[in-house]
file data33.txt (compact mmCIF, C-alpha atoms)
# COMPACT_ATOMS: atom_id res chain seq x y z
CA MET A 1 -7.77 -34.14 14.13
CA ASN A 2 -6.22 -30.80 13.43
CA ALA A 3 -4.94 -30.50 16.97
CA ARG A 4 -1.46 -31.65 16.05
CA ARG A 5 -1.26 -29.31 13.09
CA LEU A 6 -2.43 -26.40 15.18
CA ARG A 7 0.22 -27.22 17.79
CA ARG A 8 2.87 -27.39 15.10
CA TYR A 9 1.66 -24.09 13.68
CA ILE A 10 2.00 -22.43 17.09
CA ASP A 11 5.42 -24.02 17.65
CA ASP A 12 6.64 -22.74 14.30
CA LEU A 13 5.31 -19.32 15.12
CA LEU A 14 7.14 -19.27 18.44
CA CYS A 15 10.38 -20.43 16.85
CA GLY A 16 10.19 -17.84 14.09
CA ARG A 17 9.77 -20.52 11.44
CA ARG A 18 7.32 -20.36 8.60
CA PRO A 19 4.17 -22.17 9.79
CA ARG A 20 2.61 -24.76 7.53
CA PRO A 21 -0.89 -24.03 6.26
CA PHE A 22 -3.77 -26.29 7.27
CA ASP A 23 -7.54 -26.21 7.08
CA ALA A 24 -8.31 -24.51 10.33
CA ASP A 25 -11.81 -24.30 11.67
CA ARG A 26 -13.13 -21.08 13.09
CA PHE A 27 -11.91 -21.62 16.62
CA GLU A 28 -8.50 -22.83 15.48
CA ALA A 29 -8.20 -19.70 13.37
CA ALA A 30 -9.09 -17.66 16.45
CA GLN A 31 -6.31 -19.40 18.38
CA ILE A 32 -3.85 -18.64 15.63
CA ARG A 33 -4.92 -15.03 15.71
CA THR A 34 -4.55 -14.83 19.44
CA ALA A 35 -1.11 -16.42 19.22
CA ILE A 36 -0.09 -13.86 16.62
CA GLU A 37 -1.39 -10.99 18.72
CA LEU A 38 0.50 -12.24 21.77
CA ARG A 39 3.63 -12.69 19.75
CA ALA A 40 3.29 -9.23 18.17
CA ALA A 41 2.99 -7.66 21.62
CA ARG A 42 6.53 -8.75 22.30
CA THR A 43 8.86 -5.83 22.50
CA ALA A 44 11.29 -5.23 19.68
CA SER A 45 9.24 -7.21 17.24
CA GLY A 46 7.96 -5.59 14.12
CA ALA A 47 10.87 -3.89 12.43
CA PRO A 48 12.16 -5.45 9.22
CA SER A 49 15.83 -6.37 9.10
CA GLU A 50 18.15 -4.16 7.11
CA ASP A 51 19.34 -7.19 5.16
CA PHE A 52 15.83 -7.98 4.04
CA LEU A 53 15.12 -4.38 3.02
CA THR A 54 18.32 -4.12 1.02
CA ASP A 55 17.78 -7.48 -0.62
CA LEU A 56 14.21 -6.68 -1.61
CA GLN A 57 15.32 -3.36 -3.07
CA ARG A 58 17.87 -5.22 -5.18
CA ARG A 59 15.26 -7.75 -6.32
CA LEU A 60 12.85 -4.97 -7.24
CA ALA A 61 15.58 -3.22 -9.20
CA ALA A 62 16.14 -6.35 -11.22
CA TRP A 63 12.45 -6.89 -11.76
CA ILE A 64 11.06 -3.50 -12.62
CA PRO A 65 11.80 -2.41 -16.18
CA GLY A 66 14.06 0.61 -16.23
CA ALA A 67 14.70 0.42 -12.53
CA GLN A 68 18.15 -0.99 -13.03
CA GLU A 69 19.30 2.42 -14.16
CA ASN A 70 17.63 4.02 -11.19
CA ALA A 71 19.52 1.78 -8.85
CA ASP A 72 22.79 2.60 -10.48
CA PRO A 73 22.55 5.96 -12.23
CA PRO A 74 25.03 5.84 -15.09
CA ASN A 75 24.95 9.49 -16.03
CA GLY A 76 25.94 11.35 -12.94
CA PRO A 77 23.86 13.71 -10.87
CA HIS A 78 21.17 14.30 -13.48
CA ALA A 79 20.14 10.70 -13.65
CA THR A 80 17.90 10.91 -10.63
CA ARG A 81 16.01 13.83 -12.01
CA ARG A 82 15.67 12.08 -15.27
CA GLN A 83 13.87 9.19 -13.70
CA VAL A 84 10.99 11.56 -13.18
CA VAL A 85 10.44 11.47 -16.90
CA VAL A 86 7.84 8.83 -17.56
CA ALA A 87 7.56 6.64 -20.57
CA ALA A 88 5.26 9.12 -22.20
CA SER A 89 7.83 11.89 -22.27
CA ALA A 90 9.22 11.15 -25.70
CA ALA A 91 5.77 11.06 -27.20
CA ALA A 92 4.92 14.29 -25.47
CA LEU A 93 8.01 15.96 -26.84
CA ALA A 94 7.23 14.69 -30.31
CA GLY A 95 3.88 16.44 -30.18
CA SER A 96 3.61 20.12 -29.49
CA ALA A 97 6.05 20.96 -26.77
CA GLY A 98 4.72 21.50 -23.30
CA VAL A 99 1.16 20.32 -23.74
CA VAL A 100 1.39 17.66 -21.10
CA ALA A 101 -0.50 18.51 -17.99
CA GLY A 102 1.82 17.07 -15.45
CA ALA A 103 0.54 17.17 -11.93
CA ALA A 104 3.74 17.70 -10.02
CA THR A 105 6.26 15.91 -12.11
CA GLU A 106 8.56 17.29 -14.68
CA ARG A 107 8.15 15.90 -18.13
CA VAL A 108 11.35 17.12 -19.71
CA ALA A 109 14.78 16.13 -18.58
CA PRO A 110 16.93 19.01 -17.35
CA ASP A 111 19.24 18.64 -20.29
CA GLY A 112 16.35 18.93 -22.70
CA ARG A 113 16.85 15.53 -24.28
CA SER A 114 14.11 12.99 -24.45
CA HIS A 115 14.57 9.57 -23.04
CA ALA A 116 12.28 7.39 -25.02
CA ASN A 117 14.01 4.21 -24.00
CA ARG A 118 14.45 5.05 -20.38
CA PRO A 119 11.08 4.50 -18.81
CA SER A 120 11.04 4.43 -15.04
CA MET A 121 7.74 3.83 -13.34
CA GLN A 122 5.20 3.42 -16.09
CA PRO A 123 7.07 1.54 -18.75
CA GLY A 124 4.70 1.69 -21.63
CA ASP A 125 1.90 -0.22 -19.92
CA GLY A 126 -0.63 1.96 -21.63
CA SER A 127 -1.32 4.01 -24.71
CA TRP A 128 -2.38 7.43 -25.91
CA GLN A 129 -6.04 7.52 -26.84
CA VAL A 130 -7.93 10.22 -28.66
CA VAL A 131 -10.62 11.72 -26.44
CA ALA A 132 -11.73 14.71 -28.52
CA ALA A 133 -10.99 16.73 -31.61
CA SER A 134 -9.03 19.87 -30.79
CA ALA A 135 -11.84 21.96 -32.27
CA ASP A 136 -14.34 20.42 -29.85
CA VAL A 137 -12.51 21.78 -26.84
CA PRO A 138 -12.58 25.56 -27.17
CA ALA A 139 -11.62 27.73 -24.24
CA GLY A 140 -14.13 27.67 -21.41
CA VAL A 141 -15.60 24.26 -22.23
CA MET A 142 -15.43 21.25 -19.93
CA ARG A 143 -15.69 18.32 -22.29
CA PRO A 144 -16.50 14.86 -20.93
CA PHE A 145 -14.93 11.77 -22.47
CA ASP A 146 -15.14 8.03 -21.99
CA VAL A 147 -12.58 5.69 -23.51
CA GLY A 148 -13.68 2.60 -21.66
CA SER A 149 -11.09 2.21 -18.93
CA VAL A 150 -10.80 5.94 -18.32
CA VAL A 151 -13.58 8.44 -17.89
CA GLY A 152 -12.77 12.10 -17.50
CA PHE A 153 -13.04 15.70 -18.52
CA VAL A 154 -10.75 17.74 -20.69
CA ARG A 155 -10.57 21.53 -20.92
CA ARG A 156 -8.12 24.25 -21.88
CA VAL A 157 -6.08 26.28 -19.47
CA ASN A 158 -4.23 29.15 -21.17
CA GLY A 159 -4.74 27.35 -24.43
CA GLN A 160 -3.23 24.04 -23.28
CA PRO A 161 -5.37 20.96 -22.69
CA GLU A 162 -5.69 19.58 -19.18
CA ALA A 163 -7.54 16.44 -18.19
CA ILE A 164 -8.80 15.02 -14.94
CA SER A 165 -10.48 11.80 -13.99
CA GLY A 166 -14.29 11.94 -14.01
CA VAL A 167 -14.74 9.31 -11.32
CA CYS A 168 -15.34 10.23 -7.70
CA THR A 169 -12.43 9.25 -5.46
CA HIS A 170 -14.84 8.17 -2.73
CA GLN A 171 -16.76 5.25 -4.20
CA GLY A 172 -16.13 5.48 -7.89
CA CYS A 173 -19.38 7.11 -8.97
CA ARG A 174 -19.28 8.98 -12.24
CA LEU A 175 -19.21 12.76 -11.85
CA TRP A 176 -21.27 15.26 -13.81
CA PHE A 177 -20.33 18.82 -14.67
CA ASP A 178 -22.49 21.63 -13.39
CA ARG A 179 -21.79 24.36 -15.90
CA PRO A 180 -23.43 27.31 -14.08
CA LEU A 181 -21.49 26.56 -10.90
CA ASP A 182 -18.36 25.42 -12.74
CA GLN A 183 -18.16 22.35 -10.52
CA LEU A 184 -18.15 18.58 -10.80
CA HIS A 185 -20.72 16.82 -8.68
CA CYS A 186 -20.99 13.27 -7.46
CA PRO A 187 -24.46 11.75 -7.81
CA CYS A 188 -23.91 9.32 -4.92
CA HIS A 189 -22.94 11.64 -2.06
CA PRO A 190 -22.98 15.41 -2.04
CA THR A 191 -19.34 15.83 -3.00
CA SER A 192 -18.13 18.51 -5.38
CA PHE A 193 -14.82 19.11 -7.14
CA SER A 194 -13.33 22.09 -8.93
CA PRO A 195 -12.41 21.80 -12.63
CA THR A 196 -8.82 21.22 -11.49
CA GLY A 197 -9.96 18.28 -9.37
CA GLN A 198 -9.74 19.84 -5.90
CA VAL A 199 -12.41 18.90 -3.39
CA LEU A 200 -14.74 21.87 -2.89
CA GLY A 201 -17.20 20.33 -0.50
CA HIS A 202 -18.28 17.00 0.96
CA LEU A 203 -20.27 15.50 3.82
CA LEU A 204 -18.13 12.41 4.25
CA ARG A 205 -16.40 11.44 7.44
CA ILE A 206 -13.00 11.56 5.75
CA ALA A 207 -12.31 14.02 2.96
CA PRO A 208 -11.98 12.26 -0.40
CA ASP A 209 -8.78 12.59 -2.42
CA PRO A 210 -8.65 15.17 -5.19
CA LEU A 211 -9.32 13.86 -8.68
CA PRO A 212 -6.21 12.45 -10.35
CA ARG A 213 -4.89 14.42 -13.28
CA LEU A 214 -4.41 12.57 -16.52
CA ASP A 215 -1.52 12.96 -18.92
CA VAL A 216 -2.79 14.71 -22.00
CA ARG A 217 -1.32 15.91 -25.27
CA GLU A 218 -2.52 17.57 -28.45
CA LEU A 219 -1.43 15.98 -31.70
CA ASP A 220 -2.63 16.53 -35.29
CA GLY A 221 -5.86 18.21 -34.33
CA SER A 222 -6.76 15.69 -31.65
CA ILE A 223 -6.54 15.68 -27.91
CA GLU A 224 -5.19 12.46 -26.48
CA VAL A 225 -5.03 11.08 -22.97
CA PHE A 226 -2.53 8.53 -21.73
CA VAL A 227 -4.44 5.50 -20.55
CA ALA A 228 -2.60 3.10 -18.28
CA GLU A 229 -3.46 -0.54 -18.72
CA LYS A 230 -4.20 -0.77 -15.04
CA PRO A 231 -5.19 2.50 -13.42
CA PRO A 232 -2.94 3.12 -10.43
CA ASN A 233 -5.67 4.19 -8.07
CA GLU A 234 -7.99 1.30 -8.58
CA PRO A 235 -6.30 -1.72 -7.09
CA ALA A 236 -7.97 -5.05 -7.35
CA MET B 237 7.24 20.01 -5.29
CA MET B 238 8.53 16.54 -4.79
CA ALA B 239 9.21 14.15 -2.01
CA GLN B 240 12.68 14.90 -0.79
CA ARG B 241 15.03 12.03 -0.45
CA GLU B 242 17.79 12.32 2.00
CA PRO B 243 21.23 12.01 0.47
CA THR B 244 21.79 8.76 2.29
CA ALA B 245 18.31 7.43 1.58
CA GLY B 246 19.09 3.78 1.66
CA ALA B 247 16.78 0.88 2.07
CA GLY B 248 14.07 1.34 4.59
CA LEU B 249 14.68 4.90 5.58
CA ARG B 250 11.43 6.51 6.30
CA VAL B 251 11.50 9.73 4.35
CA ALA B 252 9.27 12.56 5.38
CA ALA B 253 7.00 13.25 2.46
CA ASP B 254 4.28 15.79 1.90
CA THR B 255 1.28 13.59 1.09
CA GLY B 256 0.10 15.91 -1.68
CA SER B 257 3.35 15.66 -3.61
CA CYS B 258 4.68 12.89 -5.81
CA TYR B 259 7.50 10.43 -5.46
CA PRO B 260 10.39 10.96 -7.87
CA ASP B 261 10.83 7.26 -8.61
CA TRP B 262 10.00 3.77 -7.44
CA ALA B 263 13.02 3.67 -5.14
CA ALA B 264 11.56 6.61 -3.21
CA VAL B 265 8.20 4.82 -2.99
CA TYR B 266 10.00 1.81 -1.60
CA ALA B 267 12.17 3.75 0.85
CA ASP B 268 9.22 5.67 2.25
CA ASN B 269 6.78 2.78 2.58
CA ALA B 270 8.64 -0.51 3.01
CA ILE B 271 8.77 -0.34 6.79
CA TRP B 272 5.13 0.33 7.50
CA VAL B 273 4.00 -2.25 4.94
CA TYR B 274 6.24 -4.85 6.59
CA ARG B 275 5.07 -3.90 10.07
CA MET B 276 1.45 -4.03 9.05
CA ILE B 277 2.00 -7.53 7.73
CA VAL B 278 4.20 -8.96 10.47
CA LYS B 279 1.75 -7.80 13.13
CA ARG B 280 -0.98 -9.79 11.44
CA ILE B 281 1.07 -12.81 10.38
CA GLY B 282 3.33 -13.23 13.37
CA ASN B 283 6.29 -14.81 11.60
CA VAL B 284 9.20 -13.23 9.79
CA PRO B 285 9.64 -15.54 6.77
CA ASP B 286 6.02 -15.13 5.65
CA ALA B 287 6.06 -11.40 6.42
CA GLU B 288 9.11 -10.92 4.24
CA ASP B 289 7.58 -12.88 1.38
CA LEU B 290 4.31 -10.98 1.56
CA THR B 291 6.07 -7.61 1.75
CA ALA B 292 7.95 -8.52 -1.42
CA GLU B 293 4.68 -9.61 -2.99
CA VAL B 294 3.06 -6.25 -2.18
CA PHE B 295 5.85 -4.25 -3.77
CA LEU B 296 6.19 -6.50 -6.78
CA ALA B 297 2.47 -6.15 -7.40
CA ALA B 298 2.38 -2.44 -6.67
CA LEU B 299 5.39 -0.92 -8.32
CA ARG B 300 4.98 -2.09 -11.87
CA PRO B 301 1.68 -0.38 -12.68
CA LEU B 302 2.42 2.63 -10.53
CA ARG B 303 2.65 5.99 -12.24
CA THR B 304 4.69 8.94 -11.09
CA THR B 305 1.70 11.25 -11.27
CA ALA B 306 0.07 9.53 -8.32
CA THR B 307 0.44 11.57 -5.14
CA VAL B 308 2.07 10.25 -1.99
CA ALA B 309 -1.37 9.89 -0.41
CA GLN B 310 -2.68 7.95 -3.38
CA VAL B 311 0.37 5.69 -3.46
CA ARG B 312 -0.07 4.89 0.23
CA GLY B 313 -3.75 4.20 -0.23
CA TYR B 314 -2.90 1.92 -3.11
CA LEU B 315 -0.22 0.08 -1.11
CA ARG B 316 -2.63 -0.30 1.79
CA ALA B 317 -5.25 -1.83 -0.49
CA ILE B 318 -2.74 -4.26 -1.99
CA THR B 319 -1.42 -5.19 1.45
CA ARG B 320 -4.93 -5.92 2.58
CA SER B 321 -5.66 -8.21 -0.35
CA VAL B 322 -2.29 -9.96 -0.03
CA LEU B 323 -3.01 -10.60 3.66
CA ALA B 324 -6.50 -11.86 2.89
CA ALA B 325 -5.15 -14.24 0.26
CA HIS B 326 -2.50 -15.46 2.67
CA TRP B 327 -5.09 -16.18 5.35
CA ARG B 328 -7.36 -18.01 2.99
CA GLN B 329 -4.40 -20.12 1.94
CA THR B 330 -3.07 -20.71 5.42
CA THR B 331 -6.21 -21.52 7.32
CA GLY B 332 -8.79 -22.04 4.64
CA CYS B 333 -10.99 -19.40 6.16
CA ASP B 334 -11.38 -15.67 5.97
CA ILE B 335 -10.21 -13.76 8.95
CA THR B 336 -12.23 -10.65 9.26
CA SER B 337 -10.03 -8.56 11.50
CA ILE B 338 -7.61 -7.74 8.71
CA ASP B 339 -10.24 -5.48 7.20
CA ASP B 340 -9.43 -2.88 9.78
CA VAL B 341 -6.09 -1.94 8.24
CA PRO B 342 -5.89 1.69 9.31
CA GLU B 343 -4.81 4.86 7.59
CA VAL B 344 -1.08 5.18 7.39
CA SER B 345 0.50 7.67 9.69
CA HIS B 346 2.88 7.54 12.59
CA GLU B 347 0.05 8.42 14.93
CA ALA B 348 -2.29 5.77 13.58
CA ASP B 349 0.49 3.20 13.63
CA HIS B 350 1.25 4.05 17.21
CA ALA B 351 -2.43 4.02 18.19
CA VAL B 352 -2.82 0.55 16.68
CA ASP B 353 0.21 -0.68 18.62
CA ILE B 354 -1.21 0.69 21.84
CA ALA B 355 -4.65 -0.76 21.18
CA ALA B 356 -3.11 -4.16 20.42
CA ALA B 357 -1.00 -4.06 23.57
CA GLN B 358 -4.02 -3.11 25.65
CA GLN B 359 -6.03 -5.92 24.15
CA VAL B 360 -3.27 -8.39 25.01
CA ARG B 361 -3.02 -7.06 28.57
CA ARG B 362 -6.78 -7.27 28.99
CA VAL B 363 -6.88 -10.87 27.81
CA LEU B 364 -3.91 -11.89 29.94
CA ALA B 365 -5.38 -10.19 32.98
CA SER B 366 -8.56 -12.21 32.77
CA LEU B 367 -6.79 -15.57 32.65
CA PRO B 368 -5.97 -17.80 35.63
CA ASP B 369 -2.43 -17.30 36.96
CA ASN B 370 -0.77 -20.36 35.47
CA TYR B 371 -2.33 -19.70 32.07
CA ARG B 372 -1.14 -16.11 32.12
CA ARG B 373 2.36 -17.17 33.14
CA ILE B 374 2.81 -19.77 30.45
CA LEU B 375 1.62 -17.37 27.73
CA ASP B 376 3.84 -14.63 29.07
CA LEU B 377 6.89 -16.89 29.14
CA ARG B 378 6.32 -18.50 25.78
CA PHE B 379 4.91 -15.66 23.67
CA LEU B 380 5.97 -12.38 25.25
CA GLN B 381 9.35 -13.43 26.63
CA GLY B 382 10.08 -15.95 23.91
CA ARG B 383 11.29 -18.67 26.32
CA SER B 384 11.56 -22.28 25.19
CA ILE B 385 9.13 -24.87 26.50
CA ASN B 386 11.88 -26.39 28.68
CA GLU B 387 12.83 -23.06 30.20
CA SER B 388 9.19 -22.20 30.77
CA ALA B 389 8.56 -25.53 32.48
CA THR B 390 11.56 -25.00 34.77
CA GLN B 391 10.45 -21.47 35.59
CA MET B 392 7.00 -22.66 36.52
CA GLY B 393 8.19 -25.74 38.34
CA VAL B 394 6.17 -28.15 36.21
CA SER B 395 7.08 -30.94 33.80
CA VAL B 396 7.61 -30.19 30.12
CA ALA B 397 4.54 -32.22 29.21
CA ASN B 398 2.56 -30.26 31.74
CA ALA B 399 3.81 -26.97 30.34
CA LYS B 400 2.76 -28.01 26.84
CA VAL B 401 -0.75 -28.81 28.00
CA LEU B 402 -0.92 -25.55 29.94
CA GLN B 403 0.13 -23.58 26.89
CA HIS B 404 -2.43 -25.33 24.72
CA ARG B 405 -5.26 -24.72 27.17
CA ALA B 406 -4.21 -21.15 27.91
CA LEU B 407 -4.22 -20.27 24.24
CA ARG B 408 -7.68 -21.83 23.80
CA ARG B 409 -8.98 -19.83 26.73
CA ALA B 410 -7.39 -16.60 25.47
CA ALA B 411 -8.82 -17.13 21.99
CA ALA B 412 -12.27 -17.76 23.44
CA LEU B 413 -12.02 -14.52 25.43
CA THR B 414 -10.90 -12.59 22.37
CA GLU B 415 -13.76 -14.02 20.33
CA LYS B 416 -16.25 -13.09 23.04
CA ASP B 417 -14.83 -9.56 23.11
CA GLU B 418 -15.63 -9.17 19.48
CA HIS B 419 -19.17 -10.49 19.46

call {"tool": "encode", "arguments": {"input": "data33.txt", "output": "structure tokens"}}
result
Amino acid sequence: MNARRLRRYIDDLLCGRRPRPFDADRFEAAQIRTAIELRAARTASGAPSEDFLTDLQRRLAAWIPGAQENADPPNGPHATRRQVVVAASAAALAGSAGVVAGAATERVAPDGRSHANRPSMQPGDGSWQVVAASADVPAGVMRPFDVGSVVGFVRRVNGQPEAISGVCTHQGCRLWFDRPLDQLHCPCHPTSFSPTGQVLGHLLRIAPDPLPRLDVRELDGSIEVFVAEKPPNEPA
Amino acid sequence: MMAQREPTAGAGLRVAADTGSCYPDWAAVYADNAIWVYRMIVKRIGNVPDAEDLTAEVFLAALRPLRTTATVAQVRGYLRAITRSVLAAHWRQTTGCDITSIDDVPEVSHEADHAVDIAAAQQVRRVLASLPDNYRRILDLRFLQGRSINESATQMGVSVANAKVLQHRALRRAAALTEKDEH
């Protein structure tokens, strides 16, 4: 009974039209797959059109908060650099200067001004959360914390707090800190990380990613970590 | 150390990026990844309108919660995971059943991309080679050369109705062969 719908699906596919969904059984789905594979084997198929790419970029610019400015930098050559400054920058500047442990991004705009209202990629979808009292993180201590959505470790490097995720990048197991060896270990597979989050050793087929660094600041005797509402490395 | 954008980095330019570094902004994420995301989708969907919609869906879902501190490698892993779930949702919607082969979305690199293309082309050649002549010809004309049913019928010297039946049967046979390959 689906035969006609399957035929129409294949016809649409061949004509470059959008096929209409239907309840395919297993073998019909296999035929659709085969048709797609055959079609994809055609030469010169596969590249997106420039028009589509440009149009999508424009739609994204309109949709992502703060991206409008990125698309059309109003302030000359510095604007691009400034987009590096995340939403948290103003808060970081308000606290003690320079305490943010940025991985590879710059927190302060080149002109030294803060841009509280110019978020770019993480527009306030998160909050600063206290993870420890300043006094509880003396030099040389790796202090674990758990604020629900984020688990990690905080320590001081040259007096400034730094924080990394405490969850293994392989399968999400919670890491523990081996003080004598100064390493983080995964209980699930023999994987170890340095206090900066670099992979020191593993027996996996593919090396796991280093541990993500977390944005951290020190404010009024507390150490706080920026917790995104939806962690970027844990897609649904 | 940041991903360098070329001065003319417009839509879709594939920018060379050190995977340990970070993207300066969402536009750089888009410019560096839009093409492979689209290709990954269109290869598995087979039609442009749906592929464009799903590509947009991936970036709309991905870019909002993305943080600049994520490395290039992490961003790509994240995009790959979203692409996979968008494809899975599309398949469930389109055919009402899960299609398992989309699980094998590979690591992103030019080499891997190329290897997948080659593997797919070999698979197609293998299937075509094991079909009877007239089945192979109709599939070649219709799918690989993109000829219309009328043109294909003329080429093969059969009636249009006959060509339609041939195409239908050839696709069934090819799908059965592909299924057998996998089990």

call {"tool": "atom_distance", "arguments": {"input": "data33.txt", "atom1": "atom CA of Pro187 of chain A", "atom2": "atom CA of Gly313 of chain B"}}
result
23.3 Å

call {"tool": "residues_around", "arguments": {"input": "data33.txt", "residues": "segment 159-165 of chain A", "least_positions_apart": "6", "cutoff": "8 Å", "atoms": "all atoms listed in the file", "output": "JSON, numbers by chain"}}
result
{"A": [99, 100, 101, 139, 150, 151, 152, 153, 196, 197, 211, 212, 213, 214, 215, 216, 217, 218, 223, 225]}

call {"tool": "write_last_selection", "arguments": {"input": "data33.txt", "atoms": "C-alpha atoms", "output": "compact mmCIF listing (two decimals), in the frame of the given file"}}
result
# COMPACT_ATOMS: atom_id res chain seq x y z
CA VAL A 99 1.16 20.32 -23.74
CA VAL A 100 1.39 17.66 -21.10
CA ALA A 101 -0.50 18.51 -17.99
CA ALA A 139 -11.62 27.73 -24.24
CA VAL A 150 -10.80 5.94 -18.32
CA VAL A 151 -13.58 8.44 -17.89
CA GLY A 152 -12.77 12.10 -17.50
CA PHE A 153 -13.04 15.70 -18.52
CA THR A 196 -8.82 21.22 -11.49
CA GLY A 197 -9.96 18.28 -9.37
CA LEU A 211 -9.32 13.86 -8.68
CA PRO A 212 -6.21 12.45 -10.35
CA ARG A 213 -4.89 14.42 -13.28
CA LEU A 214 -4.41 12.57 -16.52
CA ASP A 215 -1.52 12.96 -18.92
CA VAL A 216 -2.79 14.71 -22.00
CA ARG A 217 -1.32 15.91 -25.27
CA GLU A 218 -2.52 17.57 -28.45
CA ILE A 223 -6.54 15.68 -27.91
CA VAL A 225 -5.03 11.08 -22.97

call {"tool": "atom_distance", "arguments": {"input": "data33.txt", "atom1": "atom CA of Gly256 of chain B", "atom2": "atom CA of Ala309 of chain B"}}
result
6.3 Å

call {"tool": "interface_residues", "arguments": {"input": "data33.txt", "of": "chain A", "to": "chain B", "cutoff": "6 Å", "atoms": "all atoms listed in the file", "output": "list of chain:residue names"}}
result
A:Leu13, A:Gly16, A:Arg18, A:Pro21, A:Phe22, A:Asp23, A:Ala24, A:Ala30, A:Gln31, A:Thr34, A:Ile36, A:Leu38, A:Arg39, A:Ala40, A:Ala41, A:Arg42, A:Gly46, A:Leu53, A:Thr54, A:Val84, A:Met121, A:Gln122, A:Pro232

call {"tool": "write_last_selection", "arguments": {"input": "data33.txt", "atoms": "C-alpha atoms", "output": "PDB file, keeping the file's coordinate frame"}}
result
ATOM      1  CA  LEU A  13       5.310 -19.320  15.120  1.00  0.00           C
ATOM      2  CA  GLY A  16      10.190 -17.840  14.090  1.00  0.00           C
ATOM      3  CA  ARG A  18       7.320 -20.360   8.600  1.00  0.00           C
ATOM      4  CA  PRO A  21      -0.890 -24.030   6.260  1.00  0.00           C
ATOM      5  CA  PHE A  22      -3.770 -26.290   7.270  1.00  0.00           C
ATOM      6  CA  ASP A  23      -7.540 -26.210   7.080  1.00  0.00           C
ATOM      7  CA  ALA A  24      -8.310 -24.510  10.330  1.00  0.00           C
ATOM      8  CA  ALA A  30      -9.090 -17.660  16.450  1.00  0.00           C
ATOM      9  CA  GLN A  31      -6.310 -19.400  18.380  1.00  0.00           C
ATOM     10  CA  THR A  34      -4.550 -14.830  19.440  1.00  0.00           C
ATOM     11  CA  ILE A  36      -0.090 -13.860  16.620  1.00  0.00           C
ATOM     12  CA  LEU A  38       0.500 -12.240  21.770  1.00  0.00           C
ATOM     13  CA  ARG A  39       3.630 -12.690  19.750  1.00  0.00           C
ATOM     14  CA  ALA A  40       3.290  -9.230  18.170  1.00  0.00           C
ATOM     15  CA  ALA A  41       2.990  -7.660  21.620  1.00  0.00           C
ATOM     16  CA  ARG A  42       6.530  -8.750  22.300  1.00  0.00           C
ATOM     17  CA  GLY A  46       7.960  -5.590  14.120  1.00  0.00           C
ATOM     18  CA  LEU A  53      15.120  -4.380   3.020  1.00  0.00           C
ATOM     19  CA  THR A  54      18.320  -4.120   1.020  1.00  0.00           C
ATOM     20  CA  VAL A  84      10.990  11.560 -13.180  1.00  0.00           C
ATOM     21  CA  MET A 121       7.740   3.830 -13.340  1.00  0.00           C
ATOM     22  CA  GLN A 122       5.200   3.420 -16.090  1.00  0.00           C
ATOM     23  CA  PRO A 232      -2.940   3.120 -10.430  1.00  0.00           C
TER      24      PRO A 232
END

call {"tool": "atom_distance", "arguments": {"input": "data33.txt", "atom1": "atom CA of Arg174 of chain A", "atom2": "atom CA of Cys188 of chain A"}}
result
8.7 Å

call {"tool": "axis_aligned_box", "arguments": {"input": "data33.txt", "around": "segment 321-332 of chain B", "padding_each_side": "6 Å", "output": "AutoDock Vina command-line options"}}
result
--center_x -5.5 --center_y -15.1 --center_z 3.5 --size_x 18.5 --size_y 25.8 --size_z 19.7

call {"tool": "closest_residue", "arguments": {"input": "data33.txt", "among": "A:Glu37, A:Glu28, A:Asp136, A:Asp220", "to": "Tyr9 of chain A", "atoms": "all atoms listed in the file"}}
result
A:Glu28

call {"tool": "build_atoms", "arguments": {"input": "data33.txt", "residues": "segment 30-38 of chain A", "atoms": "N, CA and C atoms", "output": "PDB file, in the coordinates of the input"}}
result
ATOM      1  N   ALA A  30      -9.096 -18.641  15.355  1.00  0.00           N
ATOM      2  CA  ALA A  30      -9.090 -17.660  16.450  1.00  0.00           C
ATOM      3  C   ALA A  30      -7.874 -17.871  17.353  1.00  0.00           C
ATOM      4  N   GLN A  31      -7.504 -19.131  17.558  1.00  0.00           N
ATOM      5  CA  GLN A  31      -6.310 -19.400  18.380  1.00  0.00           C
ATOM      6  C   GLN A  31      -5.044 -18.916  17.691  1.00  0.00           C
ATOM      7  N   ILE A  32      -5.007 -19.129  16.382  1.00  0.00           N
ATOM      8  CA  ILE A  32      -3.850 -18.640  15.630  1.00  0.00           C
ATOM      9  C   ILE A  32      -3.753 -17.120  15.747  1.00  0.00           C
ATOM     10  N   ARG A  33      -4.905 -16.491  15.621  1.00  0.00           N
ATOM     11  CA  ARG A  33      -4.920 -15.030  15.710  1.00  0.00           C
ATOM     12  C   ARG A  33      -4.452 -14.550  17.063  1.00  0.00           C
ATOM     13  N   THR A  34      -4.947 -15.209  18.086  1.00  0.00           N
ATOM     14  CA  THR A  34      -4.550 -14.830  19.440  1.00  0.00           C
ATOM     15  C   THR A  34      -3.036 -15.032  19.624  1.00  0.00           C
ATOM     16  N   ALA A  35      -2.545 -16.150  19.116  1.00  0.00           N
ATOM     17  CA  ALA A  35      -1.110 -16.420  19.220  1.00  0.00           C
ATOM     18  C   ALA A  35      -0.305 -15.326  18.519  1.00  0.00           C
ATOM     19  N   ILE A  36      -0.787 -14.904  17.363  1.00  0.00           N
ATOM     20  CA  ILE A  36      -0.090 -13.860  16.620  1.00  0.00           C
ATOM     21  C   ILE A  36      -0.125 -12.536  17.373  1.00  0.00           C
ATOM     22  N   GLU A  37      -1.285 -12.237  17.959  1.00  0.00           N
ATOM     23  CA  GLU A  37      -1.390 -10.990  18.720  1.00  0.00           C
ATOM     24  C   GLU A  37      -0.445 -11.004  19.921  1.00  0.00           C
ATOM     25  N   LEU A  38      -0.398 -12.135  20.614  1.00  0.00           N
ATOM     26  CA  LEU A  38       0.500 -12.240  21.770  1.00  0.00           C
ATOM     27  C   LEU A  38       1.950 -12.070  21.329  1.00  0.00           C
TER      28      LEU A  38
END
